[in-house]
$ cat structure-v4.csv   # CSV, C-alpha atoms and all ligand atoms
chain,number,residue,atom,x,y,z
A,1,MET,CA,116.0,119.6,111.2
A,2,GLU,CA,115.0,117.1,108.6
A,3,GLN,CA,111.8,115.2,109.4
A,4,GLN,CA,111.7,111.4,109.2
A,5,ALA,CA,109.5,111.6,106.0
A,6,ASP,CA,112.0,114.0,104.4
A,7,ILE,CA,114.8,111.5,105.1
A,8,PHE,CA,112.8,108.7,103.4
A,9,TYR,CA,112.6,110.7,100.1
A,10,ARG,CA,116.3,111.7,100.3
A,11,GLU,CA,117.4,108.1,101.0
A,12,LEU,CA,115.1,106.8,98.2
A,13,PRO,CA,117.3,105.9,95.3
A,14,LYS,CA,116.1,107.9,92.3
A,15,VAL,CA,116.3,108.1,88.5
A,16,GLU,CA,116.2,111.6,86.9
A,17,LEU,CA,115.3,111.6,83.2
A,18,HIS,CA,114.2,115.1,82.5
A,19,ALA,CA,116.8,117.7,83.6
A,20,HIS,CA,117.8,120.7,81.5
A,21,LEU,CA,121.4,121.6,82.4
A,22,ASN,CA,121.0,125.4,82.5
A,23,GLY,CA,117.6,125.1,84.2
A,24,SER,CA,119.2,123.0,86.9
A,25,VAL,CA,121.8,125.5,88.1
A,26,SER,CA,121.6,126.0,91.9
A,27,VAL,CA,121.8,129.2,93.9
A,28,ARG,CA,125.3,128.3,95.0
A,29,THR,CA,126.5,127.9,91.4
A,30,VAL,CA,124.7,131.1,90.3
A,31,GLU,CA,126.6,133.0,93.0
A,32,LYS,CA,129.9,131.8,91.6
A,33,LEU,CA,128.8,132.7,88.0
A,34,ILE,CA,127.7,136.2,89.1
A,35,SER,CA,131.0,136.8,90.8
A,36,ARG,CA,132.8,135.8,87.6
A,37,LYS,CA,130.7,138.3,85.6
A,38,PRO,CA,129.8,141.2,87.9
A,39,GLN,CA,129.5,143.6,85.0
A,40,LEU,CA,126.3,141.8,83.9
A,41,ASN,CA,124.6,143.1,87.0
A,42,ILE,CA,122.4,140.0,87.3
A,43,LYS,CA,120.6,139.4,90.6
A,44,HIS,CA,119.6,136.1,92.1
A,45,ASP,CA,115.9,136.7,91.7
A,46,MET,CA,116.4,136.8,88.0
A,47,THR,CA,117.5,133.2,87.8
A,48,ALA,CA,115.0,131.3,89.9
A,49,ILE,CA,111.3,131.3,90.8
A,50,GLY,CA,110.9,131.0,94.5
A,51,LYS,CA,108.5,129.2,96.8
A,52,GLY,CA,104.9,130.2,96.1
A,53,GLN,CA,105.7,132.2,93.1
A,54,ARG,CA,104.4,131.5,89.6
A,55,ARG,CA,105.3,132.9,86.2
A,56,THR,CA,103.9,132.5,82.7
A,57,LEU,CA,105.8,130.2,80.4
A,58,ASP,CA,107.0,133.2,78.5
A,59,GLU,CA,108.5,134.7,81.7
A,60,CYS,CA,110.1,131.3,82.4
A,61,PHE,CA,111.8,131.5,79.1
A,62,GLN,CA,113.2,134.9,79.9
A,63,VAL,CA,114.9,133.3,83.0
A,64,PHE,CA,116.7,130.9,80.7
A,65,LYS,CA,118.0,133.9,78.7
A,66,VAL,CA,119.5,135.4,81.8
A,67,ILE,CA,121.2,132.1,82.8
A,68,HIS,CA,122.6,131.7,79.3
A,69,GLN,CA,124.3,135.1,79.7
A,70,LEU,CA,126.0,133.8,82.8
A,71,VAL,CA,127.0,130.5,81.2
A,72,ASP,CA,128.9,131.3,78.0
A,73,THR,CA,132.4,129.9,78.2
A,74,GLU,CA,133.8,126.3,78.4
A,75,GLU,CA,134.9,127.0,82.0
A,76,ASP,CA,131.3,128.0,83.0
A,77,ILE,CA,129.8,124.9,81.3
A,78,LEU,CA,132.3,122.7,83.0
A,79,MET,CA,131.6,124.2,86.4
A,80,VAL,CA,127.8,124.2,85.9
A,81,ALA,CA,127.7,120.6,84.7
A,82,THR,CA,130.0,119.3,87.5
A,83,ASP,CA,128.0,121.1,90.2
A,84,VAL,CA,124.6,119.9,88.8
A,85,ILE,CA,125.8,116.3,88.6
A,86,LYS,CA,127.1,116.4,92.2
A,87,GLU,CA,123.9,118.1,93.5
A,88,PHE,CA,121.8,115.4,91.9
A,89,ALA,CA,124.0,112.7,93.5
A,90,ALA,CA,123.7,114.4,96.9
A,91,ASP,CA,119.9,114.2,96.5
A,92,GLY,CA,120.1,110.4,96.1
A,93,VAL,CA,119.9,110.3,92.3
A,94,LYS,CA,121.7,107.2,91.1
A,95,TYR,CA,121.1,107.6,87.4
A,96,LEU,CA,120.7,110.9,85.6
A,97,GLU,CA,120.0,111.8,82.0
A,98,LEU,CA,121.1,115.5,81.5
A,99,ARG,CA,120.0,117.4,78.5
A,100,SER,CA,121.3,120.6,77.1
A,101,THR,CA,121.1,122.7,73.9
A,102,PRO,CA,124.6,123.2,72.4
A,103,ARG,CA,125.3,126.9,72.0
A,104,GLU,CA,128.0,128.9,70.2
A,105,ASP,CA,129.3,132.3,71.2
A,106,ASN,CA,131.5,134.4,68.9
A,107,ASN,CA,132.7,136.6,71.8
A,108,THR,CA,134.1,133.7,73.9
A,109,GLY,CA,135.0,131.4,71.1
A,110,LEU,CA,132.6,128.7,72.3
A,111,THR,CA,131.4,126.3,69.6
A,112,LYS,CA,128.6,123.8,69.7
A,113,ARG,CA,131.1,120.9,69.4
A,114,ARG,CA,133.2,122.2,72.3
A,115,TYR,CA,129.9,122.7,74.3
A,116,VAL,CA,129.1,119.0,74.0
A,117,GLU,CA,132.7,118.0,74.6
A,118,THR,CA,132.7,120.0,77.8
A,119,VAL,CA,129.5,118.4,79.2
A,120,ILE,CA,131.0,115.0,78.4
A,121,LYS,CA,134.2,116.1,80.2
A,122,ALA,CA,132.2,117.0,83.3
A,123,ILE,CA,130.5,113.6,83.3
A,124,GLN,CA,133.9,111.9,83.0
A,125,GLN,CA,135.4,114.0,85.7
A,126,CYS,CA,132.6,113.1,88.1
A,127,LYS,CA,133.1,109.4,87.2
A,128,ASN,CA,136.8,109.7,87.9
A,129,GLU,CA,136.0,111.2,91.3
A,130,GLU,CA,133.7,108.2,91.9
A,131,VAL,CA,130.7,110.4,92.5
A,132,ASP,CA,127.9,107.8,93.1
A,133,ILE,CA,125.8,108.5,90.0
A,134,ASP,CA,125.7,107.2,86.5
A,135,VAL,CA,125.2,110.1,84.0
A,136,ARG,CA,124.2,110.1,80.3
A,137,PHE,CA,123.6,113.0,78.0
A,138,LEU,CA,120.8,114.0,75.6
A,139,VAL,CA,121.7,116.6,73.0
A,140,ALA,CA,118.8,119.1,72.8
A,141,ILE,CA,117.2,120.8,69.9
A,142,ASP,CA,115.6,124.2,70.6
A,143,ARG,CA,112.5,124.2,68.4
A,144,ARG,CA,112.7,127.9,68.0
A,145,ASN,CA,115.8,127.6,65.8
A,146,GLY,CA,114.1,125.7,63.0
A,147,PRO,CA,114.8,122.7,60.8
A,148,GLU,CA,118.3,123.4,59.6
A,149,VAL,CA,119.8,123.9,63.1
A,150,ALA,CA,117.8,120.8,64.2
A,151,MET,CA,119.4,118.7,61.4
A,152,GLU,CA,122.9,120.1,62.4
A,153,THR,CA,122.2,119.2,66.0
A,154,VAL,CA,121.2,115.7,65.0
A,155,LYS,CA,124.5,115.2,63.1
A,156,LEU,CA,126.4,116.5,66.1
A,157,ALA,CA,124.6,114.1,68.4
A,158,GLU,CA,125.2,111.3,66.0
A,159,ASP,CA,129.0,112.0,66.0
A,160,PHE,CA,129.1,112.0,69.8
A,161,MET,CA,126.9,108.9,70.1
A,162,LEU,CA,129.6,107.0,68.2
A,163,ALA,CA,132.5,108.7,70.0
A,164,SER,CA,131.5,109.3,73.7
A,165,ASP,CA,131.8,105.8,75.1
A,166,GLY,CA,128.0,105.5,75.3
A,167,LEU,CA,127.5,108.7,77.2
A,168,VAL,CA,125.5,110.4,74.5
A,169,VAL,CA,122.4,108.3,74.2
A,170,GLY,CA,119.7,110.5,72.7
A,171,LEU,CA,118.1,113.7,71.6
A,172,ASP,CA,115.7,116.0,73.3
A,173,LEU,CA,113.2,118.4,71.6
A,174,SER,CA,112.4,121.4,73.8
A,175,GLY,CA,112.2,125.2,73.8
A,176,ASP,CA,109.3,127.5,73.9
A,177,PRO,CA,106.3,125.3,72.9
A,178,THR,CA,104.4,128.3,71.4
A,179,VAL,CA,107.1,128.9,68.8
A,180,GLY,CA,107.5,127.0,65.6
A,181,HIS,CA,105.9,123.8,64.4
A,182,GLY,CA,107.1,120.3,65.0
A,183,LYS,CA,106.2,119.2,61.4
A,184,TYR,CA,109.3,121.0,60.1
A,185,LEU,CA,111.5,119.1,62.5
A,186,LEU,CA,110.3,115.7,61.5
A,187,PRO,CA,113.1,114.9,59.0
A,188,ALA,CA,115.7,115.7,61.6
A,189,LEU,CA,113.9,113.6,64.3
A,190,GLN,CA,113.4,110.8,61.9
A,191,ARG,CA,117.1,110.8,61.0
A,192,ALA,CA,118.0,110.7,64.7
A,193,LYS,CA,115.8,107.8,65.2
A,194,ASN,CA,117.2,105.9,62.2
A,195,CYS,CA,120.8,106.3,63.5
A,196,GLY,CA,120.0,104.9,66.9
A,197,LEU,CA,119.6,108.0,69.0
A,198,LYS,CA,116.7,107.7,71.5
A,199,LEU,CA,114.1,110.5,71.3
A,200,SER,CA,112.6,112.4,74.2
A,201,LEU,CA,110.2,115.0,72.9
A,202,HIS,CA,108.4,117.8,74.8
A,203,LEU,CA,104.9,117.1,73.7
A,204,SER,CA,101.5,118.8,74.3
A,205,GLU,CA,103.1,121.1,76.9
A,206,VAL,CA,100.5,123.7,75.9
A,207,LEU,CA,97.0,123.3,74.5
A,208,SER,CA,96.5,123.8,70.8
A,209,GLN,CA,99.3,121.4,69.8
A,210,LEU,CA,97.0,118.5,68.9
A,211,GLU,CA,98.0,118.2,65.3
A,212,GLU,CA,101.7,118.5,66.1
A,213,SER,CA,101.4,115.9,68.9
A,214,ASP,CA,99.7,113.5,66.6
A,215,LEU,CA,102.5,113.9,64.0
A,216,LEU,CA,105.3,113.5,66.5
A,217,LEU,CA,103.6,110.5,68.1
A,218,ASN,CA,103.8,108.7,64.8
A,219,LEU,CA,107.6,108.6,64.9
A,220,PRO,CA,107.1,107.3,67.7
A,221,PRO,CA,109.3,109.0,70.4
A,222,ASP,CA,110.9,106.8,73.1
A,223,ARG,CA,109.7,109.1,75.9
A,224,ILE,CA,107.4,112.2,76.2
A,225,GLY,CA,108.3,115.3,78.2
A,226,HIS,CA,105.2,116.7,80.1
A,227,GLY,CA,102.4,115.6,77.8
A,228,THR,CA,100.2,117.9,79.8
A,229,PHE,CA,97.3,118.2,77.2
A,230,LEU,CA,97.2,114.8,75.7
A,231,HIS,CA,94.2,113.4,77.4
A,232,PRO,CA,90.6,114.4,76.5
A,233,GLU,CA,89.7,115.8,79.9
A,234,VAL,CA,92.0,118.8,79.3
A,235,GLY,CA,91.3,119.3,75.6
A,236,GLY,CA,93.5,116.5,74.2
A,237,SER,CA,92.0,113.4,72.6
A,238,GLN,CA,91.4,109.7,73.1
A,239,SER,CA,93.3,108.9,69.9
A,240,LEU,CA,96.4,110.7,71.3
A,241,VAL,CA,96.2,108.7,74.5
A,242,ASP,CA,95.7,105.5,72.5
A,243,LYS,CA,98.9,106.1,70.6
A,244,VAL,CA,100.9,106.8,73.8
A,245,VAL,CA,99.4,103.7,75.4
A,246,LYS,CA,99.8,101.4,72.3
A,247,ASN,CA,103.4,102.3,72.0
A,248,ASN,CA,104.0,102.2,75.7
A,249,ILE,CA,105.8,105.5,75.7
A,250,PRO,CA,106.8,106.6,79.2
A,251,LEU,CA,106.0,110.1,80.3
A,252,GLU,CA,108.4,112.4,82.2
A,253,LEU,CA,106.3,114.4,84.7
A,254,CYS,CA,107.4,117.5,86.5
A,255,LEU,CA,104.9,118.8,89.0
A,256,THR,CA,106.5,121.9,90.3
A,257,SER,CA,107.6,123.0,86.9
A,258,ASN,CA,104.1,122.7,85.5
A,259,VAL,CA,102.4,124.5,88.4
A,260,LYS,CA,105.0,127.3,88.6
A,261,GLY,CA,104.9,127.7,84.8
A,262,LYS,CA,101.1,127.9,85.0
A,263,THR,CA,100.3,125.1,82.5
A,264,VAL,CA,98.6,123.2,85.3
A,265,PRO,CA,96.3,125.0,87.7
A,266,CYS,CA,97.4,123.2,90.9
A,267,PHE,CA,99.2,120.0,92.1
A,268,ALA,CA,95.9,118.1,92.6
A,269,LYS,CA,95.0,118.7,89.0
A,270,HIS,CA,98.4,117.5,87.7
A,271,HIS,CA,98.1,114.9,84.9
A,272,PHE,CA,100.3,112.5,86.9
A,273,LYS,CA,97.0,111.4,88.4
A,274,TYR,CA,95.5,110.4,85.0
A,275,TRP,CA,98.5,108.5,83.8
A,276,TYR,CA,99.3,106.9,87.1
A,277,GLN,CA,95.8,105.6,87.5
A,278,LEU,CA,96.0,104.2,84.0
A,279,GLY,CA,99.0,102.2,85.1
A,280,HIS,CA,101.1,103.9,82.4
A,281,PRO,CA,104.9,104.3,82.8
A,282,SER,CA,105.2,107.7,84.5
A,283,VAL,CA,108.5,109.0,85.8
A,284,ILE,CA,108.7,111.9,88.3
A,285,CYS,CA,111.3,114.5,87.2
A,286,THR,CA,112.4,118.0,88.0
A,287,ASP,CA,112.7,119.7,84.6
A,288,ASP,CA,114.7,122.7,85.9
A,289,LYS,CA,115.5,122.2,89.6
A,290,GLY,CA,117.4,125.6,89.8
A,291,VAL,CA,114.8,127.8,88.0
A,292,PHE,CA,111.9,126.2,89.9
A,293,SER,CA,113.7,125.9,93.2
A,294,THR,CA,113.1,122.2,93.8
A,295,ASP,CA,114.9,118.8,93.8
A,296,LEU,CA,113.9,115.3,92.9
A,297,SER,CA,113.3,114.2,96.6
A,298,GLN,CA,110.8,117.1,97.0
A,299,GLU,CA,109.1,116.1,93.7
A,300,TYR,CA,108.5,112.6,94.9
A,301,GLN,CA,107.3,113.8,98.3
A,302,LEU,CA,104.9,116.2,96.5
A,303,ALA,CA,103.5,113.4,94.3
A,304,ALA,CA,103.1,111.2,97.4
A,305,SER,CA,101.3,113.8,99.5
A,306,THR,CA,99.1,115.1,96.7
A,307,PHE,CA,98.0,111.7,95.4
A,308,GLY,CA,98.1,109.7,98.6
A,309,LEU,CA,101.0,107.3,97.7
A,310,GLY,CA,102.4,105.3,100.6
A,311,PRO,CA,106.1,104.4,100.9
A,312,ASP,CA,105.7,101.1,99.0
A,313,ALA,CA,104.0,102.9,96.1
A,314,VAL,CA,106.7,105.6,96.1
A,315,TRP,CA,109.4,102.9,96.1
A,316,GLU,CA,107.7,101.2,93.1
A,317,LEU,CA,107.5,104.5,91.3
A,318,SER,CA,111.2,105.1,91.6
A,319,ARG,CA,112.1,101.5,90.8
A,320,ARG,CA,109.9,101.4,87.7
A,321,ALA,CA,111.7,104.5,86.3
A,322,ILE,CA,114.7,102.3,85.7
A,323,ASP,CA,112.8,100.6,82.8
A,324,CYS,CA,112.5,104.0,81.1
A,325,ILE,CA,116.2,104.9,80.9
A,326,PHE,CA,117.9,105.2,77.6
A,327,ALA,CA,121.1,103.4,78.7
A,328,PRO,CA,121.5,99.6,77.8
A,329,GLU,CA,119.7,96.7,79.5
A,330,THR,CA,122.9,95.7,81.3
A,331,LEU,CA,122.8,99.0,83.2
A,332,LYS,CA,119.1,98.6,84.0
A,333,ALA,CA,119.9,95.2,85.6
A,334,GLN,CA,122.7,96.8,87.7
A,335,LEU,CA,120.4,99.6,88.8
A,336,LYS,CA,117.7,97.2,89.9
A,337,HIS,CA,120.3,95.3,91.9
A,338,LYS,CA,121.4,98.6,93.5
A,339,TRP,CA,117.7,99.4,94.4
A,340,GLU,CA,117.5,96.0,96.1
A,341,GLU,CA,120.6,96.7,98.1
A,342,LEU,CA,119.4,100.1,99.2
A,343,GLN,CA,115.9,99.1,100.1
A,344,PRO,CA,116.5,98.2,103.8
A,345,GLN,CA,118.3,101.5,104.4
A,346,ALA,CA,115.4,103.6,102.9
A,347,PHE,CA,112.8,101.7,104.9
A,348,GLN,CA,114.6,101.6,108.3
A,401,LIG,P1,119.9,124.3,78.3
A,401,LIG,O1,119.4,123.6,77.1
A,401,LIG,O2,120.8,123.5,79.2
A,401,LIG,O3,120.4,125.6,78.0
A,401,LIG,O4,118.6,124.5,79.3
A,401,LIG,C1,117.7,125.5,79.2
A,401,LIG,C2,116.8,125.3,77.9
A,401,LIG,O5,116.0,124.1,78.1
A,401,LIG,C3,115.8,126.4,77.7
A,401,LIG,O6,116.4,127.5,76.9
A,401,LIG,C4,114.7,125.7,76.9
A,401,LIG,O7,115.1,125.6,75.5
A,401,LIG,C5,114.8,124.3,77.5
A,401,LIG,N1,113.7,124.1,78.5
A,401,LIG,C6,113.8,124.1,79.8
A,401,LIG,N2,112.7,123.9,80.4
A,401,LIG,C7,111.8,123.8,79.5
A,401,LIG,C8,110.4,123.5,79.5
A,401,LIG,O8,109.7,123.4,80.5
A,401,LIG,N3,109.8,123.4,78.2
A,401,LIG,C9,110.5,123.6,77.1
A,401,LIG,N4,111.8,123.8,77.1
A,401,LIG,C10,112.4,123.9,78.2
A,402,ZN,ZN,111.6,120.3,79.9

$ encode --input "structure-v4.csv" --output "structure tokens" --more "lines below"
Ligand code: IMP
Ligand code: ZN
Amino acid sequence: MEQQADIFYRELPKVELHAHLNGSVSVRTVEKLISRKPQLNIKHDMTAIGKGQRRTLDECFQVFKVIHQLVDTEEDILMVATDVIKEFAADGVKYLELRSTPREDNNTGLTKRRYVETVIKAIQQCKNEEVDIDVRFLVAIDRRNGPEVAMETVKLAEDFMLASDGLVVGLDLSGDPTVGHGKYLLPALQRAKNCGLKLSLHLSEVLSQLEESDLLLNLPPDRIGHGTFLHPEVGGSQSLVDKVVKNNIPLELCLTSNVKGKTVPCFAKHHFKYWYQLGHPSVICTDDKGVFSTDLSQEYQLAASTFGLGPDAVWELSRRAIDCIFAPETLKAQLKHKWEELQPQAFQ
């Protein structure tokens, strides 16, 4: 049975700003995908990292490869996106920014354009079914694929920003942080920024990216994913911190992901503490709720128990996340109103 404390975190209205579509696929959806493609002989333990388990980042990226094998048609993408959106809604998420890397597949006829269209279709279907969640989409660049593909992706995102009724709001830079260098991607990112796409960049996810982080911070991005090694205590630098603070760039922080992916040694040493104590905008997110076997309620609960946050502080944390969304100010105001309405229910 759910404990009273668990209920509080589930009832807490939440904003999810860092969720990779294919990393968010639940066990239930994986089961459906496996039954569609039994010939692949994929087992459940190949798509998720269970409780207490940890993997290297490299091993985590192998998991994404397996999931990508299972999700390679428009039908798969539609089902995955619809399921993921409904699962976030069931977890009390009221506003979600999903991100995903458009893929093409010659065998199934999938194109990158159809990929994006299908995610948008899933968002619209959930809206038509009146699922209680507002969803936006960030088109993702996989850094591994280099500058040309990055530029193509920006152009695709630009087209959809103009033709998706406000659903495509920005661009994500992600992928294996140990591969490639951000400096080659600067022209694409600059173009994205100039055309009005918001930028959320995975930054300083591993040590040894000081020069890259410095360059990317000059853009500046609108939000930072992880930022694990920005501050001097862990090998970053004060000048990086100063740039983040001066530009007031919110951080998307994913506790379980970082601990399971071994970039942070334990929850107590997570950089949430550093940024939260600084009073800097910090948003709790899941990253890959399927792969890391978590959900956003658990992540809030984990942050609260690890860093000693009481219910009022947790409420403030979730409410302040609204200021960091990429959707327009009008929606921020609506969400704040919703939080006010839901407050008595969460605290009863
Ligand atoms: P997709 O873009 O929807 O296919 O989601 C999976 C992809 O997200 C992976 O292949 C990576 O490119 C990216 N991704 C997921 N988690 C991380 C992370 O922690 N760091 C960097 N990239 C990530
Ligand atoms: Zn991520």

$ residues_around --input "structure-v4.csv" --residues "Asn258 of chain A" --least-positions-apart "4" --cutoff "9 Å" --atoms "all atoms listed in the file" --output "count of residues only"
12

$ residues_around --input "structure-v4.csv" --residues "segment 11-20 of chain A" --least-positions-apart "3" --cutoff "6 Å" --atoms "only C-alpha atoms" --output "PyMOL selection string"
chain A and resi 7-8+23+92-100+285+287-288+318+346

$ residues_near_ligand --input "structure-v4.csv" --ligand "ligand LIG 401 (chain A)" --cutoff "7 Å" --atoms "only C-alpha atoms and all ligand atoms" --output "count of residues only"
21

$ closest_residue --input "structure-v4.csv" --among "A:Ile77, A:Pro102, A:Asp312, A:Asn218" --to "Lys246 of chain A" --atoms "all atoms listed in the file"
A:Asn218

$ closest_residue --input "structure-v4.csv" --among "A:Asp58, A:Glu252, A:Glu340, A:Glu74" --to "ligand ZN 402 (chain A)" --atoms "all atoms listed in the file"
A:Glu252

$ closest_residue --input "structure-v4.csv" --among "A:Ser200, A:Gln62, A:Asn41, A:Asn247" --to "Phe326 of chain A" --atoms "only C-alpha atoms"
A:Ser200

$ residues_near_point --input "structure-v4.csv" --point "(99.0, 105.1, 69.8)" --cutoff "12 Å" --atoms "only C-alpha atoms" --output "PyMOL selection string"
chain A and resi 213-221+230+237-249

$ residues_around --input "structure-v4.csv" --residues "Asp83 of chain A" --least-positions-apart "2" --cutoff "12 Å" --atoms "all atoms listed in the file" --output "PyMOL selection string"
chain A and resi 21-22+24-30+32-33+76-81+85-90+119+122-123+125-126+131+290

$ residues_around --input "structure-v4.csv" --residues "Arg143 of chain A" --least-positions-apart "4" --cutoff "12 Å" --atoms "all atoms listed in the file" --output "PyMOL selection string"
chain A and resi 101+147-151+153+172-186+188-189+201-203

$ atom_distance --input "structure-v4.csv" --atom1 "atom CA of Val168 of chain A" --atom2 "atom CA of Ala327 of chain A"
9.3 Å

$ atom_distance --input "structure-v4.csv" --atom1 "atom CA of Lys336 of chain A" --atom2 "atom CA of Arg136 of chain A"
17.3 Å

$ closest_residue --input "structure-v4.csv" --among "A:Tyr274, A:Leu57, A:Gly146, A:Leu70" --to "Glu31 of chain A" --atoms "all atoms listed in the file"
A:Leu70

$ atom_distance --input "structure-v4.csv" --atom1 "atom CA of Val314 of chain A" --atom2 "atom CA of Pro344 of chain A"
14.5 Å

$ residues_around --input "structure-v4.csv" --residues "Arg113 of chain A" --least-positions-apart "2" --cutoff "8 Å" --atoms "all atoms listed in the file" --output "VMD selection string"
chain A and resid 102 111 115 to 117 156

$ residues_near_point --input "structure-v4.csv" --point "(94.5, 115.0, 94.5)" --cutoff "9 Å" --atoms "all atoms listed in the file" --output "ChimeraX atom specification"
/A:267-270,273,305-308

$ closest_residue --input "structure-v4.csv" --among "A:Lys332, A:Arg55, A:Lys193, A:Lys289" --to "ligand ZN 402 (chain A)" --atoms "only C-alpha atoms and all ligand atoms"
A:Lys289

$ build_atoms --input "structure-v4.csv" --residues "segment 140-161 of chain A" --atoms "N, CA and C atoms" --output "short mmCIF file (atom, residue, chain, number, x, y, z; two decimals), in the frame of the given file"
data_model
loop_
_atom_site.label_atom_id
_atom_site.label_comp_id
_atom_site.auth_asym_id
_atom_site.auth_seq_id
_atom_site.Cartn_x
_atom_site.Cartn_y
_atom_site.Cartn_z
N ALA A 140 120.14 118.53 72.98
CA ALA A 140 118.80 119.10 72.80
C ALA A 140 118.69 119.99 71.57
N ILE A 141 117.51 119.89 70.96
CA ILE A 141 117.20 120.80 69.90
C ILE A 141 116.21 121.83 70.43
N ASP A 142 116.54 123.11 70.24
CA ASP A 142 115.60 124.20 70.60
C ASP A 142 114.71 124.42 69.40
N ARG A 143 113.42 124.12 69.54
CA ARG A 143 112.50 124.20 68.40
C ARG A 143 112.44 125.52 67.73
N ARG A 144 112.76 126.57 68.51
CA ARG A 144 112.70 127.90 68.00
C ARG A 144 113.72 128.13 66.83
N ASN A 145 114.78 127.32 66.82
CA ASN A 145 115.80 127.60 65.80
C ASN A 145 115.60 126.91 64.46
N GLY A 146 114.49 126.21 64.29
CA GLY A 146 114.10 125.70 63.00
C GLY A 146 114.79 124.48 62.48
N PRO A 147 114.39 124.00 61.27
CA PRO A 147 114.80 122.70 60.80
C PRO A 147 116.28 122.53 60.46
N GLU A 148 116.91 123.61 59.97
CA GLU A 148 118.30 123.40 59.60
C GLU A 148 119.21 123.22 60.83
N VAL A 149 118.98 124.05 61.83
CA VAL A 149 119.80 123.90 63.10
C VAL A 149 119.42 122.54 63.70
N ALA A 150 118.16 122.13 63.59
CA ALA A 150 117.80 120.80 64.20
C ALA A 150 118.58 119.72 63.49
N MET A 151 118.70 119.78 62.17
CA MET A 151 119.40 118.70 61.40
C MET A 151 120.93 118.76 61.83
N GLU A 152 121.49 119.97 61.95
CA GLU A 152 122.90 120.10 62.40
C GLU A 152 123.09 119.47 63.77
N THR A 153 122.11 119.72 64.63
CA THR A 153 122.20 119.20 66.00
C THR A 153 122.16 117.67 66.00
N VAL A 154 121.31 117.13 65.13
CA VAL A 154 121.20 115.70 65.00
C VAL A 154 122.58 115.09 64.59
N LYS A 155 123.20 115.75 63.60
CA LYS A 155 124.50 115.20 63.10
C LYS A 155 125.55 115.30 64.21
N LEU A 156 125.50 116.36 64.98
CA LEU A 156 126.40 116.50 66.10
C LEU A 156 126.21 115.38 67.12
N ALA A 157 124.95 115.17 67.44
CA ALA A 157 124.60 114.10 68.40
C ALA A 157 125.04 112.75 67.90
N GLU A 158 124.86 112.55 66.61
CA GLU A 158 125.20 111.30 66.00
C GLU A 158 126.73 111.04 66.14
N ASP A 159 127.53 112.08 65.83
CA ASP A 159 129.00 112.00 66.00
C ASP A 159 129.36 111.56 67.40
N PHE A 160 128.72 112.25 68.37
CA PHE A 160 129.10 112.00 69.80
C PHE A 160 128.54 110.65 70.26
N MET A 161 127.43 110.22 69.68
CA MET A 161 126.90 108.90 70.10
C MET A 161 127.95 107.84 69.78
#
